[in-house]
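Undergrad: So here's work-v7.pdb, just PDB, C-alpha atoms:
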MODEL        1
ATOM      1  CA  MET F  27     105.963 130.252 182.187
ATOM      2  CA  LEU F  28     107.312 127.209 183.961
ATOM      3  CA  VAL F  29     105.325 126.624 187.165
ATOM      4  CA  SER F  30     104.006 123.517 188.841
ATOM      5  CA  ALA F  31     100.313 122.664 188.761
ATOM      6  CA  LEU F  32     100.364 122.520 192.575
ATOM      7  CA  THR F  33     101.648 126.066 192.777
ATOM      8  CA  LEU F  34      98.926 127.323 190.446
ATOM      9  CA  CYS F  35      96.166 125.585 192.358
ATOM     10  CA  CYS F  36      97.228 126.489 195.858
ATOM     11  CA  SER F  37      98.372 130.068 195.512
ATOM     12  CA  THR F  38      96.689 132.224 192.884
ATOM     13  CA  LYS F  39      98.150 135.295 194.606
ATOM     14  CA  MET F  40     101.737 134.068 194.217
ATOM     15  CA  LYS F  41     103.813 135.912 191.628
ATOM     16  CA  SER F  42     105.411 133.981 188.790
ATOM     17  CA  VAL F  43     108.328 131.956 190.097
ATOM     18  CA  PHE F  44     110.240 132.679 186.923
ATOM     19  CA  GLN F  45     111.632 136.170 187.156
ATOM     20  CA  ASN F  46     114.176 135.420 184.456
ATOM     21  CA  LEU F  47     113.419 133.303 181.394
ATOM     22  CA  SER F  48     117.081 132.364 181.132
ATOM     23  CA  ASP F  49     116.299 129.902 183.952
ATOM     24  CA  VAL F  50     114.527 127.844 181.297
ATOM     25  CA  ARG F  51     117.747 127.666 179.264
ATOM     26  CA  VAL F  52     119.732 126.540 182.303
ATOM     27  CA  PHE F  53     117.150 123.911 183.217
ATOM     28  CA  LEU F  54     117.035 122.530 179.660
ATOM     29  CA  ALA F  55     120.824 122.520 179.321
ATOM     30  CA  VAL F  56     121.246 120.409 182.468
ATOM     31  CA  MET F  57     118.420 118.107 181.422
ATOM     32  CA  ARG F  58     120.077 117.498 178.057
ATOM     33  CA  ALA F  59     123.698 117.385 179.174
ATOM     34  CA  GLY F  60     123.193 115.355 182.341
ATOM     35  CA  SER F  61     125.530 117.444 184.488
ATOM     36  CA  THR F  62     126.175 121.052 185.423
ATOM     37  CA  LEU F  63     129.726 120.767 184.066
ATOM     38  CA  ALA F  64     128.608 119.696 180.600
ATOM     39  CA  ALA F  65     125.771 122.240 180.662
ATOM     40  CA  SER F  66     128.193 125.034 181.559
ATOM     41  CA  LYS F  67     130.106 124.439 178.322
ATOM     42  CA  THR F  68     126.887 124.651 176.312
ATOM     43  CA  LEU F  69     125.735 127.791 178.084
ATOM     44  CA  GLY F  70     129.085 129.519 178.265
ATOM     45  CA  MET F  71     128.761 129.843 182.039
ATOM     46  CA  ALA F  72     130.967 128.746 184.883
ATOM     47  CA  GLN F  73     129.964 125.355 186.335
ATOM     48  CA  PRO F  74     129.399 126.774 189.878
ATOM     49  CA  THR F  75     127.071 129.384 188.387
ATOM     50  CA  VAL F  76     124.985 126.713 186.662
ATOM     51  CA  ALA F  77     124.792 124.710 189.899
ATOM     52  CA  ARG F  78     123.669 127.795 191.844
ATOM     53  CA  ARG F  79     121.026 128.606 189.230
ATOM     54  CA  ILE F  80     119.570 125.098 189.505
ATOM     55  CA  GLU F  81     119.537 125.263 193.311
ATOM     56  CA  ALA F  82     117.820 128.659 193.213
ATOM     57  CA  LEU F  83     115.266 127.332 190.732
ATOM     58  CA  GLU F  84     114.473 124.350 192.900
ATOM     59  CA  HIS F  85     114.047 126.692 195.849
ATOM     60  CA  VAL F  86     111.493 128.958 194.175
ATOM     61  CA  LEU F  87     109.657 126.018 192.596
ATOM     62  CA  LYS F  88     109.708 124.084 195.873
ATOM     63  CA  LEU F  89     110.610 121.015 193.826
ATOM     64  CA  VAL F  90     113.614 118.727 193.557
ATOM     65  CA  LEU F  91     114.498 118.716 189.882
ATOM     66  CA  PHE F  92     117.679 116.637 189.904
ATOM     67  CA  GLU F  93     119.169 113.872 191.999
ATOM     68  CA  ARG F  94     122.894 114.526 192.487
ATOM     69  CA  ASN F  95     125.237 111.545 192.279
ATOM     70  CA  THR F  96     128.722 110.684 191.129
ATOM     71  CA  GLN F  97     127.494 110.168 187.575
ATOM     72  CA  GLY F  98     126.056 113.696 187.375
ATOM     73  CA  PHE F  99     122.505 115.039 187.622
ATOM     74  CA  THR F 100     119.586 112.671 187.119
ATOM     75  CA  ALA F 101     116.231 114.279 186.334
ATOM     76  CA  THR F 102     113.446 113.608 188.804
ATOM     77  CA  GLN F 103     109.882 112.792 187.840
ATOM     78  CA  ASP F 104     108.956 116.439 188.515
ATOM     79  CA  ALA F 105     111.628 117.620 186.120
ATOM     80  CA  LEU F 106     110.373 115.249 183.440
ATOM     81  CA  MET F 107     106.838 116.593 183.961
ATOM     82  CA  LEU F 108     108.099 120.163 183.477
ATOM     83  CA  LEU F 109     110.227 119.344 180.423
ATOM     84  CA  PRO F 110     107.500 119.706 177.712
ATOM     85  CA  SER F 111     106.488 123.144 179.029
ATOM     86  CA  ALA F 112     110.109 124.278 179.186
ATOM     87  CA  GLU F 113     110.695 123.112 175.610
ATOM     88  CA  ALA F 114     107.556 124.957 174.507
ATOM     89  CA  VAL F 115     108.908 128.156 176.060
ATOM     90  CA  GLU F 116     112.222 127.615 174.279
ATOM     91  CA  LYS F 117     110.488 127.066 170.940
ATOM     92  CA  THR F 118     108.344 130.168 171.362
ATOM     93  CA  ALA F 119     111.394 132.274 172.250
ATOM     94  CA  LYS F 120     113.213 131.075 169.115
ATOM     95  CA  GLU F 121     110.180 131.844 166.946
ATOM     96  CA  LEU F 122     109.975 135.291 168.514
ATOM     97  CA  ASP F 123     113.637 135.947 167.754
ATOM     98  CA  ALA F 124     113.264 134.729 164.175
ATOM     99  CA  THR F 125     110.165 136.826 163.532
ATOM    100  CA  ALA F 126     111.745 139.943 165.043
ATOM    101  CA  ALA F 127     114.899 139.448 162.983
ATOM    102  CA  ARG F 128     112.861 139.002 159.808
ATOM    103  CA  LEU F 129     110.840 142.151 160.490
ATOM    104  CA  ALA F 130     113.947 144.150 161.335
ATOM    105  CA  SER F 131     115.679 142.946 158.185
ATOM    106  CA  SER F 132     112.769 143.899 155.925
ATOM    107  CA  GLN F 133     112.358 147.333 157.494
ATOM    108  CA  SER F 134     115.876 148.370 158.349
ATOM    109  CA  ARG F 135     117.168 148.525 154.794
ATOM    110  CA  THR F 136     114.377 150.747 153.467
ATOM    111  CA  ILE F 137     114.305 154.452 154.265
ATOM    112  CA  ARG F 138     110.990 156.163 153.583
ATOM    113  CA  ILE F 139     111.415 159.802 152.536
ATOM    114  CA  THR F 140     108.717 162.355 151.818
ATOM    115  CA  ALA F 141     109.008 165.855 150.391
ATOM    116  CA  VAL F 142     107.102 168.190 148.112
ATOM    117  CA  THR F 143     106.972 166.995 144.521
ATOM    118  CA  ASP F 144     109.476 169.604 143.333
ATOM    119  CA  ALA F 145     112.139 168.231 145.682
ATOM    120  CA  PHE F 146     112.410 164.983 143.742
ATOM    121  CA  ASN F 147     114.875 166.276 141.194
ATOM    122  CA  PRO F 148     118.359 165.401 139.898
ATOM    123  CA  HIS F 149     120.040 167.101 142.881
ATOM    124  CA  LEU F 150     118.233 164.829 145.350
ATOM    125  CA  SER F 151     118.867 161.788 143.163
ATOM    126  CA  ALA F 152     122.600 162.509 143.109
ATOM    127  CA  ILE F 153     122.755 162.665 146.919
ATOM    128  CA  LEU F 154     120.793 159.420 147.300
ATOM    129  CA  LYS F 155     123.053 157.709 144.767
ATOM    130  CA  GLY F 156     126.149 158.933 146.592
ATOM    131  CA  PHE F 157     124.864 157.569 149.898
ATOM    132  CA  VAL F 158     124.185 154.132 148.404
ATOM    133  CA  GLU F 159     127.659 154.055 146.891
ATOM    134  CA  SER F 160     129.295 154.932 150.214
ATOM    135  CA  TYR F 161     127.048 153.046 152.623
ATOM    136  CA  GLY F 162     126.210 149.918 150.640
ATOM    137  CA  SER F 163     122.979 148.217 149.634
ATOM    138  CA  MET F 164     120.021 150.404 150.517
ATOM    139  CA  ASN F 165     116.422 150.837 149.417
ATOM    140  CA  PHE F 166     114.511 154.109 149.401
ATOM    141  CA  GLU F 167     110.768 154.563 149.310
ATOM    142  CA  LEU F 168     110.197 158.057 147.905
ATOM    143  CA  ILE F 169     106.832 159.623 148.744
ATOM    144  CA  PRO F 170     106.126 162.919 146.948
ATOM    145  CA  SER F 171     103.367 164.862 148.673
ATOM    146  CA  ASP F 172     102.453 168.522 148.849
ATOM    147  CA  GLU F 173     100.526 167.680 152.020
ATOM    148  CA  ALA F 174     102.367 167.328 155.326
ATOM    149  CA  ILE F 175     102.485 163.597 156.083
ATOM    150  CA  ASP F 176     102.399 162.747 159.787
ATOM    151  CA  ILE F 177     105.982 161.758 160.584
ATOM    152  CA  SER F 178     105.446 161.163 164.303
ATOM    153  CA  ALA F 179     102.845 158.478 163.476
ATOM    154  CA  GLY F 180     105.534 156.450 161.719
ATOM    155  CA  ASN F 181     104.070 156.800 158.222
ATOM    156  CA  VAL F 182     107.486 157.933 156.953
ATOM    157  CA  ASP F 183     111.012 157.941 158.374
ATOM    158  CA  ILE F 184     112.274 161.275 157.054
ATOM    159  CA  ALA F 185     110.631 164.417 155.695
ATOM    160  CA  ILE F 186     112.181 167.336 153.853
ATOM    161  CA  ARG F 187     109.790 170.152 154.633
ATOM    162  CA  TRP F 188     109.563 173.758 153.508
ATOM    163  CA  THR F 189     107.621 175.893 155.952
ATOM    164  CA  ASN F 190     107.355 179.438 157.222
ATOM    165  CA  LYS F 191     105.956 178.129 160.510
ATOM    166  CA  GLU F 192     107.547 176.657 163.599
ATOM    167  CA  ILE F 193     107.742 172.857 163.810
ATOM    168  CA  GLU F 194     105.066 172.060 166.376
ATOM    169  CA  ASP F 195     105.953 168.454 167.220
ATOM    170  CA  PRO F 196     108.751 168.491 169.836
ATOM    171  CA  SER F 197     109.186 164.724 169.589
ATOM    172  CA  LEU F 198     110.686 164.932 166.093
ATOM    173  CA  ILE F 199     114.389 165.226 165.412
ATOM    174  CA  CYS F 200     114.713 168.489 163.506
ATOM    175  CA  ARG F 201     117.602 169.986 161.576
ATOM    176  CA  ASN F 202     117.494 173.413 159.931
ATOM    177  CA  LEU F 203     118.976 172.980 156.454
ATOM    178  CA  ALA F 204     118.581 176.488 155.054
ATOM    179  CA  THR F 205     116.436 179.609 154.936
ATOM    180  CA  ILE F 206     115.068 180.270 151.473
ATOM    181  CA  THR F 207     114.377 183.857 150.436
ATOM    182  CA  HIS F 208     112.102 184.682 147.507
ATOM    183  CA  SER F 209     112.138 187.140 144.630
ATOM    184  CA  LEU F 210     110.001 188.244 141.742
ATOM    185  CA  PHE F 211     111.158 186.873 138.392
ATOM    186  CA  ALA F 212     110.193 187.304 134.768
ATOM    187  CA  SER F 213     111.225 185.447 131.651
ATOM    188  CA  LYS F 214     113.625 186.901 129.113
ATOM    189  CA  SER F 215     110.790 187.031 126.593
ATOM    190  CA  TYR F 216     108.621 189.042 129.003
ATOM    191  CA  ALA F 217     111.538 191.346 129.782
ATOM    192  CA  ALA F 218     112.080 191.953 126.063
ATOM    193  CA  LYS F 219     108.606 193.494 125.793
ATOM    194  CA  SER F 220     109.142 196.176 128.427
ATOM    195  CA  ASP F 221     111.219 197.306 131.366
ATOM    196  CA  LEU F 222     110.831 195.311 134.552
ATOM    197  CA  PRO F 223     110.046 196.534 138.064
ATOM    198  CA  HIS F 224     113.019 196.687 140.450
ATOM    199  CA  SER F 225     111.288 198.136 143.508
ATOM    200  CA  GLU F 226     107.823 198.076 145.097
ATOM    201  CA  SER F 227     107.098 201.562 143.777
ATOM    202  CA  GLU F 228     107.493 200.316 140.186
ATOM    203  CA  MET F 229     105.055 197.393 140.333
ATOM    204  CA  ASP F 230     102.110 199.070 138.603
ATOM    205  CA  GLY F 231     101.351 198.247 134.995
ATOM    206  CA  TYR F 232     102.651 194.649 134.952
ATOM    207  CA  LYS F 233     100.970 191.242 134.919
ATOM    208  CA  TYR F 234     101.640 188.915 137.863
ATOM    209  CA  LEU F 235     101.298 185.246 138.683
ATOM    210  CA  VAL F 236      99.895 184.334 142.113
ATOM    211  CA  PHE F 237      99.544 181.133 144.099
ATOM    212  CA  GLY F 238      96.373 179.175 144.757
ATOM    213  CA  GLY F 239      95.723 176.036 146.793
ATOM    214  CA  ASN F 240      97.872 175.486 149.875
ATOM    215  CA  LEU F 241     100.303 178.231 148.861
ATOM    216  CA  ALA F 242      97.594 180.888 148.684
ATOM    217  CA  VAL F 243      98.241 181.703 152.359
ATOM    218  CA  HIS F 244     102.035 181.722 152.033
ATOM    219  CA  PRO F 245     103.469 185.073 153.246
ATOM    220  CA  VAL F 246     105.058 185.799 149.852
ATOM    221  CA  ASN F 247     101.692 185.422 148.146
ATOM    222  CA  LYS F 248      99.994 187.685 150.686
ATOM    223  CA  TRP F 249     102.779 190.216 150.199
ATOM    224  CA  LEU F 250     102.240 190.236 146.443
ATOM    225  CA  LEU F 251      98.436 190.431 146.603
ATOM    226  CA  LYS F 252      98.622 193.510 148.841
ATOM    227  CA  ARG F 253     100.683 195.344 146.206
ATOM    228  CA  ILE F 254      98.794 194.584 143.005
ATOM    229  CA  ASN F 255      95.260 195.039 141.732
ATOM    230  CA  PRO F 256      93.027 192.094 140.749
ATOM    231  CA  ASP F 257      93.235 193.060 137.080
ATOM    232  CA  GLN F 258      97.021 192.588 137.224
ATOM    233  CA  ILE F 259      96.666 188.831 137.968
ATOM    234  CA  ALA F 260      97.416 186.883 134.813
ATOM    235  CA  MET F 261      97.351 183.345 136.195
ATOM    236  CA  THR F 262      97.022 181.297 139.404
ATOM    237  CA  CYS F 263      99.545 178.503 140.054
ATOM    238  CA  GLN F 264      99.187 175.667 142.565
ATOM    239  CA  ASP F 265     102.882 175.104 143.331
ATOM    240  CA  PHE F 266     106.368 176.419 142.591
ATOM    241  CA  LYS F 267     106.877 174.055 139.665
ATOM    242  CA  ALA F 268     103.792 175.414 137.923
ATOM    243  CA  MET F 269     104.901 178.940 138.842
ATOM    244  CA  LYS F 270     108.291 178.476 137.218
ATOM    245  CA  THR F 271     106.702 177.058 134.062
ATOM    246  CA  ALA F 272     104.248 179.961 133.827
ATOM    247  CA  ILE F 273     107.055 182.507 134.268
ATOM    248  CA  GLN F 274     109.207 180.811 131.612
ATOM    249  CA  MET F 275     106.337 180.884 129.112
ATOM    250  CA  GLY F 276     106.128 184.667 129.548
ATOM    251  CA  ALA F 277     102.710 184.752 131.242
ATOM    252  CA  GLY F 278     103.796 187.321 133.812
ATOM    253  CA  ILE F 279     106.013 188.084 136.807
ATOM    254  CA  GLY F 280     105.967 185.563 139.651
ATOM    255  CA  VAL F 281     107.588 184.492 142.915
ATOM    256  CA  LEU F 282     110.364 181.909 143.025
ATOM    257  CA  PRO F 283     113.231 181.179 145.435
ATOM    258  CA  THR F 284     115.951 183.808 145.012
ATOM    259  CA  ARG F 285     118.531 181.082 144.343
ATOM    260  CA  PHE F 286     117.104 180.718 140.797
ATOM    261  CA  MET F 287     118.860 183.998 140.022
ATOM    262  CA  ASN F 288     122.149 182.072 139.851
ATOM    263  CA  SER F 289     120.964 178.700 138.608
ATOM    264  CA  ASP F 290     118.555 179.413 135.736
ATOM    265  CA  ASP F 291     119.564 181.716 132.908
ATOM    266  CA  THR F 292     116.059 181.675 131.416
ATOM    267  CA  LEU F 293     114.866 183.900 134.275
ATOM    268  CA  VAL F 294     115.390 187.608 134.921
ATOM    269  CA  HIS F 295     115.514 188.784 138.533
ATOM    270  CA  CYS F 296     113.267 191.701 139.433
ATOM    271  CA  ILE F 297     112.739 192.327 143.162
ATOM    272  CA  GLU F 298     113.983 190.433 146.207
ATOM    273  CA  LEU F 299     111.254 190.099 148.838
ATOM    274  CA  PRO F 300     111.856 190.801 152.552
ATOM    275  CA  GLU F 301     113.882 188.067 154.250
ATOM    276  CA  ASP F 302     111.253 187.462 156.955
ATOM    277  CA  LEU F 303     108.877 186.197 154.263
ATOM    278  CA  GLY F 304     111.210 183.324 153.450
ATOM    279  CA  SER F 305     110.764 179.625 154.121
ATOM    280  CA  THR F 306     112.886 177.387 156.326
ATOM    281  CA  VAL F 307     113.841 173.990 154.944
ATOM    282  CA  TRP F 308     113.802 171.358 157.682
ATOM    283  CA  LEU F 309     115.007 167.794 157.797
ATOM    284  CA  LEU F 310     112.573 165.984 160.107
ATOM    285  CA  VAL F 311     113.267 162.467 161.360
ATOM    286  CA  ASN F 312     111.012 160.082 163.253
ATOM    287  CA  PRO F 313     112.817 159.259 166.551
ATOM    288  CA  SER F 314     112.125 155.517 166.245
ATOM    289  CA  ALA F 315     113.553 155.468 162.728
ATOM    290  CA  TYR F 316     116.591 157.467 163.872
ATOM    291  CA  ARG F 317     117.611 154.606 166.150
ATOM    292  CA  ARG F 318     118.234 152.498 163.044
ATOM    293  CA  PRO F 319     121.913 152.762 162.027
ATOM    294  CA  GLU F 320     121.203 153.323 158.347
ATOM    295  CA  VAL F 321     118.774 156.187 159.054
ATOM    296  CA  LYS F 322     121.249 157.866 161.408
ATOM    297  CA  ALA F 323     124.018 157.442 158.813
ATOM    298  CA  PHE F 324     121.797 158.800 156.040
ATOM    299  CA  THR F 325     120.857 161.863 158.099
ATOM    300  CA  ALA F 326     124.507 162.666 158.747
ATOM    301  CA  TYR F 327     125.345 162.201 155.046
ATOM    302  CA  PHE F 328     122.338 163.958 153.564
ATOM    303  CA  ALA F 329     121.965 167.096 155.703
ATOM    304  CA  PRO F 330     125.218 168.954 154.837
ATOM    305  CA  ARG F 331     125.026 168.037 151.147
ATOM    306  CA  TYR F 332     121.419 169.070 150.670
ATOM    307  CA  SER F 333     121.996 172.238 152.689
ATOM    308  CA  ALA F 334     124.927 173.150 150.426
ATOM    309  CA  HIS F 335     122.747 172.529 147.376
ATOM    310  CA  LEU F 336     120.029 174.827 148.718
ATOM    311  CA  ARG F 337     122.481 177.612 149.529
ATOM    312  CA  LYS F 338     124.413 177.673 146.275
ATOM    313  CA  ASN F 339     121.767 176.886 143.650
TER     314      ASN F 339
ENDMDL
END
Show this structure as structure tokens.

TA:
Amino acid sequence: MLVSALTLCCSTKMKSVFQNLSDVRVFLAVMRAGSTLAASKTLGMAQPTVARRIEALEHVLKLVLFERNTQGFTATQDALMLLPSAEAVEKTAKELDATAARLASSQSRTIRITAVTDAFNPHLSAILKGFVESYGSMNFELIPSDEAIDISAGNVDIAIRWTNKEIEDPSLICRNLATITHSLFASKSYAAKSDLPHSESEMDGYKYLVFGGNLAVHPVNKWLLKRINPDQIAMTCQDFKAMKTAIQMGAGIGVLPTRFMNSDDTLVHCIELPEDLGSTVWLLVNPSAYRRPEVKAFTAYFAPRYSAHLRKN
């Protein structure tokens, strides 16, 4: 800050005399231009405004910075003593602007997205490609994770999250994309061996696939385990991708999103589970990231398209 040595020595309780750093710009402009008129053109201010700013600055500094004469403003010895400090402030401000711009440029064009591994599929790729084509140059950092990454901490910008629980962080921007119901499915090869169950009362005598890991406590898994005996469990799967593979190989009957009934002709639909056991798909956005124009634009573009994909496939 631009203060006189006398002020610092004599009044440690005095607040900074510079309440506005733009005073430094005005001071330097007059020093370099030699008059308030010439400085006003550099600053884009009216000449009377520049003159008033200099007078106000001299008042708070308790110094005479310029001698007024017919030739313009001549810097006093005090002004010359303050000049190096003022130029240092100017240099620091420019470096701050440059650094901030560089950081903003490197961050603003990359959107960090996380979702469960299964979500990174051709449907998601097509939406990302469409956004780039419509919005312009854009980078994505894709972070597959079956663990819930902390969005509010700023580790990612956007999360696509499947959950049967309420979103507990009220600071996040949340958008409900779809509610996913689940059903029991078998493969065509499994169905060819015997009839399939089409109601809870018909579930005896078949082999089933259940979830382990994080999905072991999912409501659909609990529902299934309550209705079968341990000797009916043919295999344990850690995620939906493994579940689908195990069903397709004919290992048994397992739980998948009901939408597979219309999108995969290798599967045979058996029983639709109660709707309240379903999962909600959320689009979660970090509030700081949402202030970036490209993140806001991506959210508006992505949400309706991904929601439509979830509902029809």

Undergrad: For a test of reading the model, state the distance in Å between atom CA of F:Thr205 and atom CA of F:Ala329, rounded to one decimal.

TA: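 Between these atoms lies a distance of 13.7 Å.
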
Undergrad: To one decimal in Å, tell me the separation between atom CA of F:Met261 and atom CA of F:Asn240.

TA: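 A separation of 15.8 Å between them.
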
Undergrad: Rounded to one decimal place, report the atom CA of F:Glu226-atom CA of F:Lys191 distance in Å.

TA: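 Interatomic distance here is 25.3 Å.
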
Undergrad: Point out the residue among F:Gln258, F:Thr284, F:Ser163, F:Ser213 with the least atom-to-atom distance to F:Val236, counting all atoms listed in the file.

TA: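 Nearest to F:Val236: F:Gln258.
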
Undergrad: So, with only C-alpha atoms as the atoms that count, which of F:Ile254, F:Ala326, F:Val52, F:Met57 lies closest to F:Met229?

TA: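 The shortest atom-to-atom distance to F:Met229 comes from F:Ile254.
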
Undergrad: Pick from F:Leu150, F:Ile139, F:Leu222, F:Ile186: nearest to F:Phe166, with all atoms listed in the file counted?

TA: F:Ile139
